$ cat work.pdb   # PDB, C-alpha atoms
ATOM      1  CA  MET A   1       0.000   0.000   0.000
ATOM      2  CA  GLU A   2       1.458   3.279  -1.042
ATOM      3  CA  GLY A   3       2.050   5.878   1.625
ATOM      4  CA  LYS A   4      -0.086   8.948   1.712
ATOM      5  CA  LYS A   5       1.366  12.156   0.391
ATOM      6  CA  PRO A   6       1.771  14.843   3.003
ATOM      7  CA  SER A   7      -1.139  17.214   3.019
ATOM      8  CA  ARG A   8      -0.460  20.802   2.004
ATOM      9  CA  SER A   9      -3.660  22.102   3.500
ATOM     10  CA  LYS A  10      -3.918  24.205   6.611
ATOM     11  CA  THR A  11      -6.760  24.857   8.995
ATOM     12  CA  ILE A  12      -8.232  28.367   9.058
ATOM     13  CA  ARG A  13     -11.186  28.968  11.432
ATOM     14  CA  GLY A  14     -12.000  25.250  11.571
ATOM     15  CA  ARG A  15     -11.868  24.737   7.790
ATOM     16  CA  LYS A  16      -9.134  23.114   5.807
ATOM     17  CA  VAL A  17      -7.807  25.340   3.036
ATOM     18  CA  LYS A  18      -5.234  24.200   0.507
ATOM     19  CA  SER A  19      -2.203  26.448   0.494
ATOM     20  CA  ARG A  20      -1.077  27.813  -2.843
ATOM     21  CA  ARG A  21       2.455  27.286  -3.987
ATOM     22  CA  ALA A  22       4.433  30.514  -4.422
ATOM     23  CA  VAL A  23       5.129  31.245  -8.061
ATOM     24  CA  PRO A  24       8.558  32.844  -8.728
ATOM     25  CA  SER A  25       8.455  36.231 -10.378
ATOM     26  CA  SER A  26      10.078  37.009 -13.699
ATOM     27  CA  ARG A  27      12.907  38.840 -11.929
ATOM     28  CA  GLN A  28      13.593  35.876  -9.675
ATOM     29  CA  LYS A  29      13.594  33.575 -12.708
ATOM     30  CA  ALA A  30      16.068  35.861 -14.479
ATOM     31  CA  ALA A  31      18.285  35.963 -11.400
ATOM     32  CA  GLY A  32      18.258  32.196 -11.110
ATOM     33  CA  LEU A  33      19.062  31.824 -14.791
ATOM     34  CA  TYR A  34      21.967  34.216 -14.412
ATOM     35  CA  VAL A  35      23.409  32.201 -11.518
ATOM     36  CA  LEU A  36      22.957  28.938 -13.452
ATOM     37  CA  LEU A  37      24.622  30.404 -16.525
ATOM     38  CA  GLY A  38      27.579  31.525 -14.453
ATOM     39  CA  ALA A  39      27.976  28.056 -13.007
ATOM     40  CA  VAL A  40      27.953  26.502 -16.498
ATOM     41  CA  LEU A  41      30.499  28.973 -17.888
ATOM     42  CA  GLY A  42      32.769  28.572 -14.897
ATOM     43  CA  THR A  43      32.626  32.234 -13.956
ATOM     44  CA  SER A  44      31.981  33.656 -10.531
ATOM     45  CA  PRO A  45      28.417  34.905 -10.832
ATOM     46  CA  MET A  46      26.693  37.202  -8.439
ATOM     47  CA  THR A  47      24.108  35.852  -6.064
ATOM     48  CA  ALA A  48      20.472  35.913  -6.994
ATOM     49  CA  ASP A  49      19.804  38.629  -4.443
ATOM     50  CA  SER A  50      22.521  40.915  -5.774
ATOM     51  CA  HIS A  51      21.349  40.425  -9.345
ATOM     52  CA  THR A  52      17.771  41.130  -8.309
ATOM     53  CA  GLN A  53      19.002  44.403  -6.821
ATOM     54  CA  MET A  54      20.503  45.285 -10.190
ATOM     55  CA  LEU A  55      17.201  44.643 -11.900
ATOM     56  CA  LYS A  56      15.393  47.084  -9.639
ATOM     57  CA  PRO A  57      14.781  50.433 -11.294
ATOM     58  CA  LYS A  58      16.983  53.232  -9.981
ATOM     59  CA  PRO A  59      15.129  55.982  -8.146
ATOM     60  CA  THR A  60      14.858  59.115 -10.203
ATOM     61  CA  SER A  61      15.469  62.514  -8.727
ATOM     62  CA  ASN A  62      12.648  65.030  -8.671
ATOM     63  CA  ARG A  63      15.097  67.863  -9.197
ATOM     64  CA  LYS A  64      14.941  69.397 -12.646
ATOM     65  CA  SER A  65      18.115  70.263 -14.483
ATOM     66  CA  VAL A  66      18.683  73.998 -14.480
ATOM     67  CA  PRO A  67      20.509  75.432 -17.481
ATOM     68  CA  THR A  68      23.706  77.240 -16.587
ATOM     69  CA  SER A  69      23.331  80.967 -16.739
ATOM     70  CA  SER A  70      25.743  82.950 -18.851
ATOM     71  CA  LYS A  71      26.743  84.875 -15.730
ATOM     72  CA  THR A  72      27.964  81.711 -14.018
ATOM     73  CA  THR A  73      30.084  80.493 -16.928
ATOM     74  CA  ARG A  74      33.828  80.958 -16.457
ATOM     75  CA  PHE A  75      35.175  82.927 -19.367
ATOM     76  CA  PRO A  76      38.222  81.217 -20.904
ATOM     77  CA  VAL A  77      41.337  83.164 -20.074
ATOM     78  CA  GLY A  78      44.747  82.749 -21.623
ATOM     79  CA  SER A  79      47.329  85.341 -20.725
ATOM     80  CA  VAL A  80      45.111  87.245 -18.280
ATOM     81  CA  THR A  81      46.581  86.683 -14.824
ATOM     82  CA  ALA A  82      44.803  85.877 -11.573
ATOM     83  CA  ALA A  83      45.736  89.329 -10.287
ATOM     84  CA  ASP A  84      43.981  90.938 -13.258
ATOM     85  CA  LEU A  85      40.841  88.941 -12.536
ATOM     86  CA  LYS A  86      40.670  90.482  -9.074
ATOM     87  CA  ARG A  87      41.556  94.023 -10.113
ATOM     88  CA  TYR A  88      39.038  94.531 -12.893
ATOM     89  CA  ARG A  89      35.419  93.838 -13.688
ATOM     90  CA  ILE A  90      33.597  93.924 -17.018
ATOM     91  CA  SER A  91      31.540  97.074 -17.457
ATOM     92  CA  ARG A  92      30.107  96.239 -20.886
ATOM     93  CA  TRP A  93      30.883  94.388 -24.094
ATOM     94  CA  VAL A  94      31.534  96.563 -27.118
ATOM     95  CA  ARG A  95      31.528  95.802 -30.822
ATOM     96  CA  GLY A  96      34.099  93.170 -31.751
ATOM     97  CA  GLY A  97      35.666  92.390 -35.091
ATOM     98  CA  VAL A  98      39.103  92.109 -36.653
ATOM     99  CA  ALA A  99      42.185  93.051 -34.648
ATOM    100  CA  SER A 100      45.577  93.951 -36.090
ATOM    101  CA  TRP A 101      48.865  95.075 -34.539
ATOM    102  CA  TYR A 102      51.649  97.608 -35.071
ATOM    103  CA  GLY A 103      55.186  97.624 -33.719
ATOM    104  CA  GLU A 104      58.745  98.929 -34.104
ATOM    105  CA  ALA A 105      57.982 101.124 -37.106
ATOM    106  CA  PHE A 106      55.930 103.390 -34.810
ATOM    107  CA  ALA A 107      58.222 103.220 -31.765
ATOM    108  CA  LYS A 108      58.581 106.471 -29.776
ATOM    109  CA  ARG A 109      55.967 108.240 -31.853
ATOM    110  CA  ARG A 110      53.588 110.354 -29.863
ATOM    111  CA  THR A 111      50.167 108.739 -29.392
ATOM    112  CA  SER A 112      46.779 110.442 -29.092
ATOM    113  CA  SER A 113      47.094 110.282 -25.298
ATOM    114  CA  GLY A 114      50.322 112.276 -25.419
ATOM    115  CA  THR A 115      52.645 109.408 -24.460
ATOM    116  CA  ARG A 116      55.329 107.843 -26.616
ATOM    117  CA  PHE A 117      54.417 104.572 -28.256
ATOM    118  CA  ASP A 118      56.183 101.556 -26.737
ATOM    119  CA  PRO A 119      55.789  98.389 -28.857
ATOM    120  CA  LYS A 120      56.437  96.192 -25.808
ATOM    121  CA  ALA A 121      53.743  97.809 -23.645
ATOM    122  CA  MET A 122      50.242  96.338 -23.282
ATOM    123  CA  THR A 123      48.454  99.081 -25.228
ATOM    124  CA  ALA A 124      46.069  99.418 -28.155
ATOM    125  CA  ALA A 125      44.444 101.926 -30.454
ATOM    126  CA  HIS A 126      40.662 102.239 -30.757
ATOM    127  CA  ARG A 127      38.527 104.777 -32.572
ATOM    128  CA  ARG A 128      35.879 105.406 -29.890
ATOM    129  CA  LEU A 129      36.783 103.939 -26.481
ATOM    130  CA  PRO A 130      38.031 106.499 -23.922
ATOM    131  CA  LEU A 131      41.774 107.063 -23.813
ATOM    132  CA  GLY A 132      43.307 105.475 -20.738
ATOM    133  CA  SER A 133      40.544 102.868 -20.392
ATOM    134  CA  LYS A 134      41.314  99.213 -19.752
ATOM    135  CA  VAL A 135      40.001  96.725 -22.308
ATOM    136  CA  LEU A 136      39.765  92.935 -22.352
ATOM    137  CA  VAL A 137      40.539  91.510 -25.807
ATOM    138  CA  VAL A 138      39.647  87.843 -26.471
ATOM    139  CA  ASP A 139      40.678  85.849 -29.529
ATOM    140  CA  THR A 140      37.538  84.015 -30.670
ATOM    141  CA  GLN A 141      39.600  81.222 -32.248
ATOM    142  CA  THR A 142      42.063  80.355 -29.459
ATOM    143  CA  HIS A 143      40.166  81.984 -26.539
ATOM    144  CA  ARG A 144      43.416  83.554 -25.344
ATOM    145  CA  SER A 145      42.937  86.986 -23.820
ATOM    146  CA  VAL A 146      44.868  90.072 -22.870
ATOM    147  CA  ILE A 147      44.143  93.314 -21.026
ATOM    148  CA  VAL A 148      45.359  96.471 -22.741
ATOM    149  CA  THR A 149      45.203 100.220 -22.172
ATOM    150  CA  ILE A 150      43.719 102.390 -24.913
ATOM    151  CA  ASN A 151      46.303 105.097 -25.566
ATOM    152  CA  ASP A 152      45.852 105.890 -29.250
ATOM    153  CA  ARG A 153      43.275 106.321 -31.997
ATOM    154  CA  GLY A 154      42.861 103.907 -34.877
ATOM    155  CA  PRO A 155      42.918 101.661 -36.762
ATOM    156  CA  TYR A 156      41.712 103.621 -39.751
ATOM    157  CA  SER A 157      41.072 100.620 -41.960
ATOM    158  CA  HIS A 158      37.290 100.182 -42.256
ATOM    159  CA  ASN A 159      37.350  96.428 -41.568
ATOM    160  CA  ARG A 160      39.368  96.530 -38.318
ATOM    161  CA  VAL A 161      38.174  97.529 -34.865
ATOM    162  CA  ILE A 162      41.339  97.589 -32.724
ATOM    163  CA  ASP A 163      45.088  97.907 -33.267
ATOM    164  CA  LEU A 164      47.231  96.141 -30.670
ATOM    165  CA  SER A 165      50.815  96.865 -29.769
ATOM    166  CA  HIS A 166      53.379  94.204 -30.686
ATOM    167  CA  GLY A 167      53.628  93.162 -27.039
ATOM    168  CA  ALA A 168      49.875  92.706 -26.678
ATOM    169  CA  ALA A 169      49.632  90.872 -30.007
ATOM    170  CA  ASN A 170      52.468  88.570 -28.997
ATOM    171  CA  ARG A 171      50.770  87.702 -25.715
ATOM    172  CA  LEU A 172      47.511  87.078 -27.570
ATOM    173  CA  GLY A 173      49.377  84.860 -30.039
ATOM    174  CA  ILE A 174      48.447  86.673 -33.249
ATOM    175  CA  VAL A 175      51.827  88.100 -34.341
ATOM    176  CA  HIS A 176      52.400  85.496 -37.037
ATOM    177  CA  ARG A 177      48.773  85.544 -38.183
ATOM    178  CA  GLY A 178      48.689  89.325 -38.335
ATOM    179  CA  LEU A 179      44.904  89.496 -37.936
ATOM    180  CA  ALA A 180      42.412  87.850 -35.604
ATOM    181  CA  HIS A 181      38.703  88.024 -34.844
ATOM    182  CA  VAL A 182      38.297  89.289 -31.298
ATOM    183  CA  ARG A 183      35.693  90.209 -28.716
ATOM    184  CA  ILE A 184      36.202  93.365 -26.701
ATOM    185  CA  ALA A 185      34.999  94.326 -23.232
ATOM    186  CA  LEU A 186      35.421  97.621 -21.409
ATOM    187  CA  LEU A 187      36.763  97.101 -17.878
ATOM    188  CA  THR A 188      36.363  99.028 -14.649
ATOM    189  CA  PRO A 189      38.153  98.662 -11.294
ATOM    190  CA  SER A 190      36.703  95.830  -9.210
ATOM    191  CA  GLY A 191      35.656  98.269  -6.490
ATOM    192  CA  ASP A 192      32.742  99.521  -8.625
ATOM    193  CA  GLN A 193      29.306  98.008  -8.025
ATOM    194  CA  ASP A 194      26.874  96.281 -10.384
ATOM    195  CA  ASP A 195      29.581  94.961 -12.694
ATOM    196  CA  THR A 196      30.340  91.420 -13.805
ATOM    197  CA  PRO A 197      33.592  89.811 -12.607
ATOM    198  CA  ILE A 198      35.906  88.768 -15.414
ATOM    199  CA  GLU A 199      36.108  85.200 -14.185
ATOM    200  CA  VAL A 200      32.328  84.688 -14.477
ATOM    201  CA  ALA A 201      31.600  86.733 -17.570
ATOM    202  CA  GLN A 202      30.397  85.244 -20.831
ATOM    203  CA  ALA A 203      30.944  87.052 -24.084
ATOM    204  CA  PRO A 204      27.813  87.531 -26.189
ATOM    205  CA  GLU A 205      27.552  85.457 -29.338
TER     206      GLU A 205
END
$ encode --input "work.pdb" --output "structure tokens"
Amino acid sequence: MEGKKPSRSKTIRGRKVKSRRAVPSSRQKAAGLYVLLGAVLGTSPMTADSHTQMLKPKPTSNRKSVPTSSKTTRFPVGSVTAADLKRYRISRWVRGGVASWYGEAFAKRRTSSGTRFDPKAMTAAHRRLPLGSKVLVVDTQTHRSVIVTINDRGPYSHNRVIDLSHGAANRLGIVHRGLAHVRIALLTPSGDQDDTPIEVAQAPE
């Protein structure tokens, strides 16, 4: 006589109720298959629990990405020093364009400001900016920059906006090229209010 199979029923409130067998979920099946596959291939698979954790969707953050403001973007500086960044602030951006340079041929000639031209000094000529003002000049191709003092008028060629001294052009890296497209910003001492620091300023497109 064959033995009786063990009963899988349980008594609830005086009545016998057959218990249902737990059915593995799809994730548990995938985890088990992963462990079995690792055993067949001879690798060291992860446990089923750790693989199940990998299958769980990662919690998403409710924070929305905020686009970076132009005023929080560090402007690329080349030859501008850290001391310059603290001494000056950008007052406003002026019209940019093509920059050229002039050197030894004009050495010791009197400029519009009354001083003698020094090719090695960090100076420049501009048609409209105030004499003696500090200007940030940025090469749009290399993003190198230099701060110059406007001490002369020019250039008088219609397609150029600023004429740099040989020293300023050399620091900007445009001596061999001769010409460069630049952006120009008028600077003020950092003690003034309501100006944009150089290190967080973004040139307009």
$ resolve_selection --input "work.pdb" --expression "the PyMOL selection byres ((chain A and resi 128-142) around 7)" --output "list in words"
Ser113, His126, Arg127, His143, Arg144, Ser145, Val146, Ile147, Val148, Thr149, Ile150, Asn151, Asp152, Ala180, His181, Val182, Arg183, Ile184, Ala185, Leu186 and Leu187 of chain A
$ write_last_selection --input "work.pdb" --atoms "C-alpha atoms" --output "tab-separated table (two decimals), in the frame of the given file"
chain	number	residue	atom	x	y	z
A	113	SER	CA	47.09	110.28	-25.30
A	126	HIS	CA	40.66	102.24	-30.76
A	127	ARG	CA	38.53	104.78	-32.57
A	143	HIS	CA	40.17	81.98	-26.54
A	144	ARG	CA	43.42	83.55	-25.34
A	145	SER	CA	42.94	86.99	-23.82
A	146	VAL	CA	44.87	90.07	-22.87
A	147	ILE	CA	44.14	93.31	-21.03
A	148	VAL	CA	45.36	96.47	-22.74
A	149	THR	CA	45.20	100.22	-22.17
A	150	ILE	CA	43.72	102.39	-24.91
A	151	ASN	CA	46.30	105.10	-25.57
A	152	ASP	CA	45.85	105.89	-29.25
A	180	ALA	CA	42.41	87.85	-35.60
A	181	HIS	CA	38.70	88.02	-34.84
A	182	VAL	CA	38.30	89.29	-31.30
A	183	ARG	CA	35.69	90.21	-28.72
A	184	ILE	CA	36.20	93.36	-26.70
A	185	ALA	CA	35.00	94.33	-23.23
A	186	LEU	CA	35.42	97.62	-21.41
A	187	LEU	CA	36.76	97.10	-17.88
$ closest_residue --input "work.pdb" --among "A:Val161, A:Ala83, A:Val94, A:Ala99" --to "Leu179 in chain A" --atoms "only C-alpha atoms"
A:Ala99
$ residues_near_point --input "work.pdb" --point "(61.4, 96.9, -30.9)" --cutoff "9 Å" --atoms "all atoms listed in the file" --output "short mmCIF file (atom, residue, chain, number, x, y, z; two decimals) with C-alpha atoms, in the frame of the given file"
data_model
loop_
_atom_site.label_atom_id
_atom_site.label_comp_id
_atom_site.auth_asym_id
_atom_site.auth_seq_id
_atom_site.Cartn_x
_atom_site.Cartn_y
_atom_site.Cartn_z
CA GLY A 103 55.19 97.62 -33.72
CA GLU A 104 58.74 98.93 -34.10
CA ALA A 105 57.98 101.12 -37.11
CA ALA A 107 58.22 103.22 -31.76
CA ASP A 118 56.18 101.56 -26.74
CA PRO A 119 55.79 98.39 -28.86
CA LYS A 120 56.44 96.19 -25.81
CA HIS A 166 53.38 94.20 -30.69
#
$ atom_distance --input "work.pdb" --atom1 "CA of Gly96 in chain A" --atom2 "CA of Lys108 in chain A"
27.9 Å
$ atom_distance --input "work.pdb" --atom1 "CA of His176 in chain A" --atom2 "CA of Tyr102 in chain A"
12.3 Å
$ atom_distance --input "work.pdb" --atom1 "CA of Arg95 in chain A" --atom2 "CA of Phe117 in chain A"
24.6 Å
$ decode --input "work.pdb" --residues "range 70-171 of chain A" --atoms "C-alpha atoms" --output "short mmCIF file (atom, residue, chain, number, x, y, z; two decimals), in the first residue's frame"
data_model
loop_
_atom_site.label_atom_id
_atom_site.label_comp_id
_atom_site.auth_asym_id
_atom_site.auth_seq_id
_atom_site.Cartn_x
_atom_site.Cartn_y
_atom_site.Cartn_z
CA SER A 70 25.74 82.95 -18.85
CA LYS A 71 26.74 84.87 -15.73
CA THR A 72 27.96 81.71 -14.02
CA THR A 73 30.08 80.49 -16.93
CA ARG A 74 33.83 80.96 -16.46
CA PHE A 75 35.18 82.93 -19.37
CA PRO A 76 38.22 81.22 -20.90
CA VAL A 77 41.34 83.16 -20.07
CA GLY A 78 44.75 82.75 -21.62
CA SER A 79 47.33 85.34 -20.72
CA VAL A 80 45.11 87.24 -18.28
CA THR A 81 46.58 86.68 -14.82
CA ALA A 82 44.80 85.88 -11.57
CA ALA A 83 45.74 89.33 -10.29
CA ASP A 84 43.98 90.94 -13.26
CA LEU A 85 40.84 88.94 -12.54
CA LYS A 86 40.67 90.48 -9.07
CA ARG A 87 41.56 94.02 -10.11
CA TYR A 88 39.04 94.53 -12.89
CA ARG A 89 35.42 93.84 -13.69
CA ILE A 90 33.60 93.92 -17.02
CA SER A 91 31.54 97.07 -17.46
CA ARG A 92 30.11 96.24 -20.89
CA TRP A 93 30.88 94.39 -24.09
CA VAL A 94 31.53 96.56 -27.12
CA ARG A 95 31.53 95.80 -30.82
CA GLY A 96 34.10 93.17 -31.75
CA GLY A 97 35.67 92.39 -35.09
CA VAL A 98 39.10 92.11 -36.65
CA ALA A 99 42.19 93.05 -34.65
CA SER A 100 45.58 93.95 -36.09
CA TRP A 101 48.87 95.07 -34.54
CA TYR A 102 51.65 97.61 -35.07
CA GLY A 103 55.19 97.62 -33.72
CA GLU A 104 58.75 98.93 -34.10
CA ALA A 105 57.98 101.12 -37.11
CA PHE A 106 55.93 103.39 -34.81
CA ALA A 107 58.22 103.22 -31.77
CA LYS A 108 58.58 106.47 -29.78
CA ARG A 109 55.97 108.24 -31.85
CA ARG A 110 53.59 110.35 -29.86
CA THR A 111 50.17 108.74 -29.39
CA SER A 112 46.78 110.44 -29.09
CA SER A 113 47.09 110.28 -25.30
CA GLY A 114 50.32 112.28 -25.42
CA THR A 115 52.64 109.41 -24.46
CA ARG A 116 55.33 107.84 -26.62
CA PHE A 117 54.42 104.57 -28.26
CA ASP A 118 56.18 101.56 -26.74
CA PRO A 119 55.79 98.39 -28.86
CA LYS A 120 56.44 96.19 -25.81
CA ALA A 121 53.74 97.81 -23.65
CA MET A 122 50.24 96.34 -23.28
CA THR A 123 48.45 99.08 -25.23
CA ALA A 124 46.07 99.42 -28.16
CA ALA A 125 44.44 101.93 -30.45
CA HIS A 126 40.66 102.24 -30.76
CA ARG A 127 38.53 104.78 -32.57
CA ARG A 128 35.88 105.41 -29.89
CA LEU A 129 36.78 103.94 -26.48
CA PRO A 130 38.03 106.50 -23.92
CA LEU A 131 41.77 107.06 -23.81
CA GLY A 132 43.31 105.47 -20.74
CA SER A 133 40.54 102.87 -20.39
CA LYS A 134 41.31 99.21 -19.75
CA VAL A 135 40.00 96.72 -22.31
CA LEU A 136 39.76 92.94 -22.35
CA VAL A 137 40.54 91.51 -25.81
CA VAL A 138 39.65 87.84 -26.47
CA ASP A 139 40.68 85.85 -29.53
CA THR A 140 37.54 84.02 -30.67
CA GLN A 141 39.60 81.22 -32.25
CA THR A 142 42.06 80.36 -29.46
CA HIS A 143 40.17 81.98 -26.54
CA ARG A 144 43.42 83.55 -25.34
CA SER A 145 42.94 86.99 -23.82
CA VAL A 146 44.87 90.07 -22.87
CA ILE A 147 44.14 93.31 -21.03
CA VAL A 148 45.36 96.47 -22.74
CA THR A 149 45.20 100.22 -22.17
CA ILE A 150 43.72 102.39 -24.91
CA ASN A 151 46.30 105.10 -25.57
CA ASP A 152 45.85 105.89 -29.25
CA ARG A 153 43.27 106.32 -32.00
CA GLY A 154 42.86 103.91 -34.88
CA PRO A 155 42.92 101.66 -36.76
CA TYR A 156 41.71 103.62 -39.75
CA SER A 157 41.07 100.62 -41.96
CA HIS A 158 37.29 100.18 -42.26
CA ASN A 159 37.35 96.43 -41.57
CA ARG A 160 39.37 96.53 -38.32
CA VAL A 161 38.17 97.53 -34.86
CA ILE A 162 41.34 97.59 -32.72
CA ASP A 163 45.09 97.91 -33.27
CA LEU A 164 47.23 96.14 -30.67
CA SER A 165 50.82 96.86 -29.77
CA HIS A 166 53.38 94.20 -30.69
CA GLY A 167 53.63 93.16 -27.04
CA ALA A 168 49.88 92.71 -26.68
CA ALA A 169 49.63 90.87 -30.01
CA ASN A 170 52.47 88.57 -29.00
CA ARG A 171 50.77 87.70 -25.72
#
